[in-house]
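Q: What follows is model.tsv, TSV, C-alpha atoms.
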chain	number	residue	atom	x	y	z
A	1	MET	CA	167.24	34.86	25.13
A	2	SER	CA	166.52	33.54	21.66
A	3	ASN	CA	166.33	35.88	18.73
A	4	THR	CA	162.92	34.58	17.62
A	5	GLN	CA	159.91	36.48	18.82
A	6	SER	CA	156.47	35.09	19.40
A	7	PRO	CA	153.82	36.41	16.99
A	8	TYR	CA	152.33	38.34	19.91
A	9	THR	CA	155.64	40.01	20.80
A	10	ALA	CA	156.40	40.82	17.16
A	11	PHE	CA	152.95	42.36	16.68
A	12	ALA	CA	153.25	44.31	19.95
A	13	SER	CA	156.62	45.70	18.80
A	14	LEU	CA	155.17	46.68	15.43
A	15	LEU	CA	152.24	48.47	17.06
A	16	SER	CA	154.26	50.31	19.71
A	17	SER	CA	157.00	51.34	17.27
A	18	ASN	CA	154.29	52.99	15.16
A	19	GLY	CA	152.70	54.81	18.11
A	20	HIS	CA	149.62	52.63	18.54
A	21	PRO	CA	148.69	52.29	22.24
A	22	VAL	CA	146.86	48.99	21.87
A	23	SER	CA	147.69	45.37	22.58
A	24	PRO	CA	147.69	42.71	19.86
A	25	ALA	CA	145.25	40.75	22.05
A	26	GLU	CA	142.68	43.55	22.00
A	27	LEU	CA	143.07	44.02	18.23
A	28	HIS	CA	142.68	40.28	17.61
A	29	GLY	CA	139.62	40.22	19.88
A	30	LEU	CA	138.13	43.16	17.97
A	31	LEU	CA	138.68	41.39	14.65
A	32	LEU	CA	137.26	38.09	15.84
A	33	GLY	CA	134.29	39.80	17.53
A	34	ARG	CA	133.32	41.70	14.41
A	35	SER	CA	133.80	38.60	12.27
A	36	CYS	CA	131.62	36.48	14.56
A	37	ALA	CA	128.90	39.16	14.50
A	38	GLY	CA	128.64	38.86	10.74
A	39	ALA	CA	130.80	41.79	9.59
A	40	GLY	CA	132.32	39.68	6.85
A	41	PHE	CA	135.90	39.93	5.71
A	42	ASP	CA	136.05	43.20	3.77
A	43	ALA	CA	139.55	44.58	4.40
A	44	ASP	CA	138.54	48.25	4.23
A	45	ALA	CA	135.78	47.83	6.82
A	46	TRP	CA	138.20	45.96	9.12
A	47	LEU	CA	140.87	48.64	8.71
A	48	ALA	CA	138.30	51.34	9.53
A	49	ASP	CA	137.29	49.54	12.75
A	50	ALA	CA	140.94	48.92	13.64
A	51	ALA	CA	141.85	52.58	13.03
A	52	HIS	CA	139.47	53.64	15.83
A	53	LEU	CA	141.26	51.35	18.27
A	54	LEU	CA	144.72	52.31	16.97
A	55	GLU	CA	143.86	56.02	17.45
A	56	THR	CA	145.61	56.92	14.18
A	57	GLU	CA	145.55	55.71	10.61
A	58	PRO	CA	147.88	52.70	10.30
A	59	VAL	CA	150.99	53.01	8.14
A	60	ASP	CA	151.67	50.46	5.40
A	61	ASN	CA	153.47	47.85	7.49
A	62	VAL	CA	150.75	47.96	10.17
A	63	ARG	CA	148.03	47.87	7.48
A	64	ASN	CA	149.67	44.82	5.94
A	65	ALA	CA	149.90	43.11	9.33
A	66	LEU	CA	146.21	43.86	10.01
A	67	ILE	CA	145.18	42.47	6.62
A	68	GLY	CA	147.32	39.39	7.27
A	69	LEU	CA	145.67	38.95	10.67
A	70	GLN	CA	142.26	39.16	9.01
A	71	GLU	CA	143.23	36.55	6.42
A	72	MET	CA	144.37	34.26	9.23
A	73	VAL	CA	141.07	34.70	11.10
A	74	LYS	CA	139.07	34.20	7.91
A	75	GLY	CA	140.93	30.94	7.30
A	76	GLU	CA	140.33	29.82	10.87
A	77	LEU	CA	136.60	30.54	10.78
A	78	THR	CA	135.85	29.29	7.28
A	79	GLY	CA	138.36	26.48	6.91
A	80	GLU	CA	137.74	22.76	7.09
A	81	ASP	CA	139.10	22.26	10.60
A	82	ILE	CA	137.76	25.24	12.47
A	83	THR	CA	140.41	26.17	15.02
A	84	ILE	CA	140.98	29.54	16.58
A	85	VAL	CA	144.47	30.53	17.65
A	86	LEU	CA	144.38	33.36	20.17
A	87	LEU	CA	146.94	36.13	19.77
A	88	LEU	CA	148.20	36.19	23.36
A	89	PRO	CA	151.57	36.39	25.13
A	90	GLY	CA	153.52	33.14	25.28
A	91	ASP	CA	153.69	30.84	28.30
A	92	GLU	CA	157.12	32.24	29.18
A	93	GLN	CA	155.46	35.53	30.21
A	94	PRO	CA	154.22	36.06	33.79
A	95	LEU	CA	150.67	34.84	34.42
A	96	SER	CA	149.58	38.37	35.33
A	97	GLU	CA	150.61	39.62	31.87
A	98	ARG	CA	148.89	36.72	30.12
A	99	ALA	CA	145.72	37.18	32.21
A	100	GLY	CA	145.71	40.91	31.44
A	101	ALA	CA	145.95	40.11	27.72
A	102	LEU	CA	143.02	37.67	28.07
A	103	GLY	CA	140.95	40.49	29.54
A	104	GLN	CA	142.01	42.84	26.73
A	105	TRP	CA	141.14	40.17	24.16
A	106	CYS	CA	137.64	39.83	25.65
A	107	GLN	CA	137.16	43.61	25.71
A	108	GLY	CA	138.19	43.82	22.06
A	109	PHE	CA	135.92	40.92	21.13
A	110	LEU	CA	132.93	42.49	22.86
A	111	ALA	CA	133.61	45.85	21.18
A	112	GLY	CA	133.92	44.28	17.73
A	113	PHE	CA	130.85	42.16	18.29
A	114	GLY	CA	128.84	45.12	19.56
A	115	LEU	CA	129.79	47.28	16.58
A	116	ASN	CA	128.43	44.72	14.15
A	117	ALA	CA	125.66	42.71	15.83
A	118	GLY	CA	123.17	45.52	16.41
A	119	GLY	CA	119.57	44.39	16.37
A	120	LYS	CA	120.28	40.70	15.77
A	121	ASP	CA	118.34	38.18	17.81
A	122	LEU	CA	120.64	36.02	19.87
A	123	SER	CA	120.00	32.54	21.20
A	124	ASP	CA	120.24	31.93	24.94
A	125	GLU	CA	123.57	30.17	24.32
A	126	ALA	CA	124.95	33.18	22.45
A	127	LYS	CA	123.83	35.54	25.22
A	128	GLU	CA	125.52	33.29	27.76
A	129	VAL	CA	128.78	33.35	25.78
A	130	LEU	CA	128.70	37.15	25.70
A	131	GLN	CA	128.03	37.26	29.46
A	132	ASP	CA	130.97	34.90	30.01
A	133	LEU	CA	133.24	37.10	27.90
A	134	THR	CA	132.13	40.15	29.89
A	135	ALA	CA	132.94	38.34	33.15
A	136	ILE	CA	136.33	37.14	31.84
A	137	SER	CA	137.23	40.68	30.76
A	138	GLN	CA	136.89	41.72	34.42
A	139	VAL	CA	138.93	38.95	36.10
A	140	GLN	CA	142.36	39.77	34.75
A	141	ASP	CA	143.76	40.49	38.22
A	142	ALA	CA	142.15	37.46	39.87
A	143	LEU	CA	144.65	34.85	38.64
A	144	GLU	CA	147.60	34.24	40.91
A	145	GLU	CA	151.03	32.84	40.03
A	146	SER	CA	150.42	29.23	41.08
A	147	ASP	CA	149.59	25.85	39.61
A	148	ASP	CA	145.89	26.59	40.20
A	149	GLY	CA	146.26	29.98	38.52
A	150	GLU	CA	147.93	28.37	35.50
A	151	SER	CA	145.20	25.75	35.35
A	152	ASP	CA	142.47	28.40	35.52
A	153	TYR	CA	144.20	30.40	32.79
A	154	MET	CA	144.41	27.36	30.51
A	155	GLU	CA	140.71	26.56	31.06
A	156	VAL	CA	139.69	30.11	30.20
A	157	MET	CA	141.95	30.14	27.15
A	158	GLU	CA	140.46	26.86	25.88
A	159	TYR	CA	136.96	28.27	26.39
A	160	LEU	CA	137.90	31.38	24.39
A	161	ARG	CA	139.13	29.20	21.53
A	162	VAL	CA	135.68	27.56	21.28
A	163	ALA	CA	133.14	30.19	22.41
A	164	PRO	CA	133.51	32.46	19.35
A	165	LEU	CA	132.70	29.52	17.09
A	166	LEU	CA	129.19	29.32	18.55
A	167	LEU	CA	128.63	32.99	17.79
A	168	TYR	CA	130.14	32.72	14.31
A	169	THR	CA	128.04	29.66	13.51
A	170	GLU	CA	124.89	31.38	14.72
A	171	LEU	CA	125.36	34.89	13.31
A	172	ALA	CA	127.92	34.89	10.53
A	173	LYS	CA	127.30	31.65	8.71
A	174	PRO	CA	126.95	32.22	5.00
A	175	VAL	CA	123.47	32.18	3.58
A	176	ALA	CA	122.77	28.79	2.09
A	177	ALA	CA	122.45	28.70	-1.65
A	178	ALA	CA	118.91	28.49	-2.91
A	179	ALA	CA	117.83	24.90	-3.36
A	180	LYS	CA	117.70	23.84	-6.96
A	181	PRO	CA	114.25	22.71	-8.01
A	182	SER	CA	114.16	18.98	-8.42
A	183	LEU	CA	113.28	17.61	-11.81
A	184	HIS	CA	110.83	14.72	-11.84
Represent the structure contained in this file as structure tokens.
A:
Amino acid sequence: MSNTQSPYTAFASLLSSNGHPVSPAELHGLLLGRSCAGAGFDADAWLADAAHLLETEPVDNVRNALIGLQEMVKGELTGEDITIVLLLPGDEQPLSERAGALGQWCQGFLAGFGLNAGGKDLSDEAKEVLQDLTAISQVQDALEESDDGESDYMEVMEYLRVAPLLLYTELAKPVAAAAKPSLH
């Protein structure tokens, strides 16, 4: 076994060694869900939401990791080439573990989104995305170790890399600057 850990494994070790009974996937989903619902990128507000999921106040190294995770997500959502990298177990892990993490990610996303999207009108497309995420959060045991199971997992993962962008674009896009009056 190599001595390099995946980001997921390293984050999972950090969380468990500090007594936090939560998966990195669920935390990442929570962060992305709240960001897509328009919560913004205030570190204190993110740490307060994360503390509920962590069940205790995070110590410095966990706080720093959470702030780093938020900076990564902020860069992904607001950068030039919008790409979301999901914090999930690597392909070397059993499909059942990866599928379980997908479900946890969706649960976290829905929780984060729900905490911050209250009362906002959603388009039919946005409602459909949320329904899809709810369905995906329930199917974690449905994927079997097989080529078809791997293919299904990859399709779902690709969908989850794109679906949040629709919600972010619809709900969290920055308010456009006021148009400057034209001079004639």
Q: Residues near Met72 of chain A, anyone? I mean within 12 Å using only C-alpha atoms, not counting same-chain ones fewer than 4 positions away, as a list in words.
A: His28, Leu31, Leu32, Ser35, Phe41, Ala65, Leu66, Ile67, Gly68, Glu76, Leu77, Thr78, Gly79, Ile82, Thr83, Ile84, Val85, Leu86 and Leu87 of chain A
Q: Let me make sure I understand: among A:Gln104, A:Gly29, A:Val156, A:Gly112, which one has the smallest atom-to-atom distance to Asp132 of chain A if we use only C-alpha atoms?
A: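 Going through A:Gln104, A:Gly29, A:Val156, A:Gly112 one by one, the smallest distance to Asp132 of chain A is for A:Val156.
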Q: Choose the residue, out of A:Glu26, A:Asp148, A:Glu71, A:Glu155, that has the smallest atom-to-atom separation from Ala111 of chain A; count all atoms listed in the file.
A: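 Selected residue with least distance to Ala111 of chain A: A:Glu26.
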Q: At what distance in Å, to one decimal, does atom CA of Ala37 of chain A lie from atom CA of Tyr168 of chain A?
A: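 According to the coordinates, atom CA of Tyr168 of chain A and atom CA of Ala37 of chain A are separated by 6.6 Å.
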Q: When you count all atoms listed in the file, which of these residues is closest to Pro89 of chain A: A:Ala45, A:Leu102, A:Ala126, A:Leu53?
A: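 The closest residue to Pro89 of chain A is A:Leu102.
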Q: For Asn116 of chain A, which of A:Leu15, A:Ala101, A:Leu54, A:Leu171 is the closest residue, counting all atoms listed in the file?
A: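 Smallest separation from Asn116 of chain A among the options: A:Leu171.
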Q: Which one of A:Ala43, A:Asp49, A:Leu30, A:Leu95 sits closest to Pro164 of chain A if you count only C-alpha atoms?
A: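 Among A:Ala43, A:Asp49, A:Leu30, A:Leu95, it is A:Leu30 that comes nearest to Pro164 of chain A.
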Q: Calculated over only C-alpha atoms, which of the candidates A:Val162, A:Asn61, A:Leu69, A:Pro21 has the smallest distance to Pro7 of chain A?
A: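 With only C-alpha atoms as the atom set, the closest residue is A:Leu69.
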Q: Rounded to one decimal in Å, what is the spacing between atom CA of Pro94 of chain A and atom CA of Ala25 of chain A?
A: 15.5 Å
Q: Just the number, please: distance in Å from atom CA of Tyr153 of chain A to atom CA of Thr169 of chain A, one decimal.
A: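 It comes out at 25.2 Å.
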Q: Within 12 Å of Asp124 of chain A, counting all atoms listed in the file, which residues show up once you throw out same-chain ones fewer than 6 positions away? Write them as a ChimeraX atom specification, please.
A: /A:130-131,166-167,170
